[in-house]
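A.B. asks: Take this structure, written in structure tokens, and hold onto it; I'll ask about it next.
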Amino acid sequence: MRSEFKNQLITGIQTSPIVYVPHFHYSFVDEVLVDIMGSKSGHPCIPGMNKDSILEFDISQGLINFYTKERERDLDIYSKLLTFLTDIVDYNSHFDIEKIFLFKNFADAMQDSKVLSLLKLFASKYENNGFDKLVTIIIISPEPISNLPSSIQKFLTIIEVLPPNVDEIKSTLIEAIGEKCLSDARSKKDLDDMVRTLQGLQLYEVRQTLKTVLSLTNNRLSRRAISLALEEKKRIVKKSGIIEIIDTDIKFEDVGGLQRLRDDLKLKSRIFANLGDAVKYNVPIPKGILIIGMPGCGKSMIAQATANQFGVSLLRLDVSRLMGKYVGESEANLRIALATAEAAHPCVLWIDEIEKAFAGSNNSSGDNDMLVMRMMGHFLTWMQERKTPVYIVATANDVMRPEFMRKGRFDEVYYVNFPEESERAEILRKKITKRYISQKESIFDFSEIGDCTSVVKDMCGEYGGFSGSEIECVLNMVVEEKFSQYLSSKEESRDPDFKPSKIKITKRDFDSAIKRIKGSVMSNQKSKKVNREEMMREKTSIERIREMQSIYNFVNAKGCHD
């Protein structure tokens with residue numbers, strides 16, 4: 001990361017009038033500049049420049065010494081920004097050997113029309129050979145490029161500071177704990193796990209996280225230290241409001257049905273767990289999957305179980321927070337989210353309800369459609385070109401644009417329909433077992449319903465069976481009703497030592513609950529005709545998904561044909 005940024009910065013100084021670094025870690029950029037020009041002889045790629053070639057201007061302090069960070073009293077004439085910028089444009093005689101003009105906390109000032117005019121004039125004179133080609137303005141500010149006026153953006157060369165790579169994180173970690181702490185195999189495993197935990201954070205955040213964690217663990221690397229680092233990382237990532245790290249204990253065994261999908265993902269997990277061999281033998285790195293289908297039928301559970309099966313972190317992209325109110329903000333949010341996921345590799349990136357981010361609109365201006373097309377183009381290009389192992393699990397509850405469904409975008413597109421009778425029985429069985437039968441303190445007796453087959457027969461509507469979430473709703477209704485009866489018995493007994501007997505739950509209890517919600521389940525949702533022509537009616541999302549599947553014939557997640 002450091003060497004790449006250094007090379008890009010050297011290139012920027014050699015070729016660009018204005019370099020913009022959208023980053024908050026000012027001292028890191030200072031370190032790189034010192035590395036480039038810190039000696040008297042300077043850097044071989046930029047001859048004639050050395051440590052005295054940099055002048056720094058901070059909006060809050062005026063002109064300061066780049067190395068000491070003290071105010072330059074001798075050049076107090078430059079306490080005002082416009083005066084300083086004007087003389088840079090004129091390349092005033094005050095500048096004997098200075099060629100790098102470094103500005104910090106400068107983004108707000110770039111909203112000023114006079115500042116913008118001076119910057120544009122500087123860029124224009126540079127292009128017309130008005131300066132030595134090494135004269136460069138470098139601006140460091142945490143604001144993304146999208147927050148700057150569009151009129152100045154085209155004059156800027158953007159250099160991103162990427163998160164540190166594995167070797168840089170490992171070096172930083174060893175520097176913090178010392179080589180002697182890595183004497184045994186367990187310590188080396190802890191080191192690798194800690195490095196993986198810290199991936200995706202910026203260098204400043206890595207250092208601060210280690211400082212916090214090691215102060216709580218007596219400077220020892222341990223499982224507790226790794227756990228604390230993960231919690232700290234979650235807090236840092238959560239600040240973006242776009243990407244969050246999800247804790248999950250859901251496994252494929254907890255998912256009812258969708259056997260074909262589960263089997264395919266287990267195969268992908270074997271490749272993901274052996275990426276070294278896969279790259280060595282030119283085996284394609286798994287890209288990800290798109291799951292389209294009925295709401296509440298296990299798509300989100302699959303995403304969480306996939307991360308567990310792959311043994312990597314689960315990152316969730318909140319598509320509702322991608323959209324910004326300023327021009328360019330939405331695209332910037334998407335770039336930040338994808339960069340965060342890529343830096344945190346290997347990981348599973350869960351994009352829930354992806355259709356909401358790339359749905360478009362029917363507004364007359366078409367502005368929103370243009371925004372969607374730009375974002376979609378960036379996302380699809382990223383999917384096609386990325387080299388890092390970020391496995392995408394995208395889920396959709398409604399129809400998608402055709403561009404997403406073309407073969408090659410994802411490893412596969414799966415269709416999830418409402419569960420069939422055998423799948424409904426499996427789903428109910430697993431929910432009962434996990435919540436009640438496996439719990440020692442449970443007072444409910446489900447023995448009379450057997451393998452659940454007879455119970456789920458009536459859990460169906462016009463378009464298919466109850467969804468997994470609706471099956472859980474039925475179970476909750478039954479348990480709540482029986483628990484209410486138990487409380488009534490307890491109140492009537494007035495016995496302080498009341499000991500409940502097992503509460504028997506029967507098929508009749510389920511039949512009653514099913515009857516109460518059957519009319520409102522999703523598989524019974526059908527749009528109303530607005531006139532005699534069937535085609536004129538507005539279709540529900542359920543009907544749209546069914547129609548889309550009839551056209552595209554995606555792989556059935558169940559492993560069978562409807």
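Each chain in the structure tokens gets a letter, A, B and so on, in the order shown; residues start at 1 in every chain, and ligands are counted from 1 in the order they appear.
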Which neighbours of A:Ala176 fall inside 12 Å, counting only C-alpha atoms, when residues of the same chain fewer than 2 positions from it are skipped, and could you give them as an NGL selection string?
C.D. replies: :A and (169-174 or 178-181 or 191 or 206-215 or 218-221)
A.B. asks: Produce a file of the selected residues containing C-alpha atoms, as an mmCIF file, in the first residue's frame.
C.D. replies:
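Below you can see out30.cif, which holds the result:
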```
data_model
loop_
_atom_site.group_PDB
_atom_site.id
_atom_site.type_symbol
_atom_site.label_atom_id
_atom_site.label_comp_id
_atom_site.auth_asym_id
_atom_site.auth_seq_id
_atom_site.Cartn_x
_atom_site.Cartn_y
_atom_site.Cartn_z
ATOM 1 C CA ILE A 169 -0.316 -5.138 8.758
ATOM 2 C CA LYS A 170 1.894 -8.018 9.894
ATOM 3 C CA SER A 171 4.921 -5.730 10.086
ATOM 4 C CA THR A 172 2.950 -3.158 12.106
ATOM 5 C CA LEU A 173 1.690 -5.875 14.453
ATOM 6 C CA ILE A 174 5.145 -7.395 15.036
ATOM 7 C CA GLY A 178 7.874 -7.691 19.404
ATOM 8 C CA GLU A 179 9.387 -10.699 17.632
ATOM 9 C CA LYS A 180 9.857 -12.656 20.877
ATOM 10 C CA CYS A 181 6.097 -13.060 21.235
ATOM 11 C CA LEU A 191 -0.749 -13.482 14.411
ATOM 12 C CA VAL A 206 -4.773 -0.433 12.486
ATOM 13 C CA ARG A 207 -2.330 1.372 14.769
ATOM 14 C CA GLN A 208 -5.064 2.806 16.980
ATOM 15 C CA THR A 209 -6.864 -0.538 17.242
ATOM 16 C CA LEU A 210 -3.645 -2.313 18.248
ATOM 17 C CA LYS A 211 -2.872 0.432 20.759
ATOM 18 C CA THR A 212 -6.305 0.030 22.361
ATOM 19 C CA VAL A 213 -6.376 -3.774 22.303
ATOM 20 C CA LEU A 214 -2.818 -4.400 23.509
ATOM 21 C CA SER A 215 -3.286 -1.964 26.399
ATOM 22 C CA ASN A 218 -0.872 -6.529 28.728
ATOM 23 C CA ASN A 219 0.675 -6.268 25.234
ATOM 24 C CA ARG A 220 -0.035 -9.962 24.596
ATOM 25 C CA LEU A 221 -1.408 -11.424 21.404
#
```
A.B. asks: With only C-alpha atoms as the counted atoms, please give the residues lying no more than 9 Å from stretch 271-285 of chain A, apart from itself and same-chain residues fewer than 2 positions off, as a VMD selection string.
C.D. replies: chain A and resid 267 to 269 287 310 to 311 346 387 to 389 391
A.B. asks: Could you list, as a count of residues only, every residue within 8 Å of stretch 501-504 of chain A, counting only C-alpha atoms and ignoring same-chain residues fewer than 6 positions away?
C.D. replies: 8
A.B. asks: For a test of reading the model, state the distance in Å between atom CA of A:Pro22 and atom CA of A:Leu9, rounded to one decimal.
C.D. replies: 12.9 Å
A.B. asks: Of the residues A:Asp190, A:Glu412, A:Glu31, A:Glu72, which is the one nearest to A:Phe554, using only C-alpha atoms?
C.D. replies: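 Result for the nearest residue to A:Phe554: A:Glu412.
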A.B. asks: If I take atom CA of A:Ser467 and atom CA of A:Asn556, how far is one from the other in Å, to one decimal?
C.D. replies: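 Taking atom CA of A:Ser467 as the start and atom CA of A:Asn556 as the end point, the length is 15.9 Å.
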A.B. asks: Name the residues of stretch 152-271 of chain A that come out as strand (DSSP E or B) in a backbone DSSP run; write them as number ranges by chain.
C.D. replies: A: 156-158, 243-246
A.B. asks: For stretch 440-501 of chain A versus stretch 245-265 of chain A, which residues have an atom no more than 12 Å away, and what is each residue's nearest atom pair and distance in Å rounded to one decimal, using only C-alpha atoms, chain-then-number order, as a tab-separated table?
C.D. replies:
```
residue	atom	partner	partner_atom	distance
A:Ser467	CA	A:Gly256	CA	10.8
A:Gly468	CA	A:Gly256	CA	8.2
A:Ser469	CA	A:Gly256	CA	11.4
A:Ile471	CA	A:Gly256	CA	11.2
A:Glu472	CA	A:Gly256	CA	11.9
```
A.B. asks: Residues of the last selection are to be written out with N, CA, C and O atoms, as a short mmCIF file (atom, residue, chain, number, x, y, z; two decimals), in the first residue's frame.
C.D. replies:
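That gives us again03.cif:
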```cif
data_model
loop_
_atom_site.label_atom_id
_atom_site.label_comp_id
_atom_site.auth_asym_id
_atom_site.auth_seq_id
_atom_site.Cartn_x
_atom_site.Cartn_y
_atom_site.Cartn_z
N SER A 467 -44.11 -19.21 3.19
CA SER A 467 -42.67 -18.95 3.22
C SER A 467 -42.10 -19.38 4.57
O SER A 467 -42.86 -19.62 5.53
N GLY A 468 -40.78 -19.44 4.66
CA GLY A 468 -40.15 -19.81 5.92
C GLY A 468 -40.51 -18.88 7.05
O GLY A 468 -40.76 -19.31 8.19
N SER A 469 -40.57 -17.57 6.76
CA SER A 469 -40.91 -16.61 7.81
C SER A 469 -42.37 -16.77 8.24
O SER A 469 -42.71 -16.55 9.42
N ILE A 471 -44.03 -19.66 8.16
CA ILE A 471 -44.06 -20.89 8.97
C ILE A 471 -43.64 -20.58 10.40
O ILE A 471 -44.24 -21.06 11.37
N GLU A 472 -42.61 -19.74 10.53
CA GLU A 472 -42.18 -19.33 11.87
C GLU A 472 -43.27 -18.53 12.57
O GLU A 472 -43.46 -18.66 13.79
#
```
A.B. asks: With distances taken over only C-alpha atoms, which of A:Val413, A:Val237, A:Leu55, A:Ile13 is nearest to A:Leu290?
C.D. replies: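 With only C-alpha atoms as the atom set, the closest residue is A:Val413.
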A.B. asks: Hey, can you check how far atom CA of A:Glu426 sits from atom CA of A:Gly450?
C.D. replies: 11.7 Å
A.B. asks: Give the helix (DSSP H, G or I) residues of stretch 326-518 of chain A, as DSSP finds them on the backbone, and put them as an MDAnalysis selection string.
C.D. replies: chainID A and resid 329:343 354:356 367:385 402:405 421:437 447:449 468:493 507:518
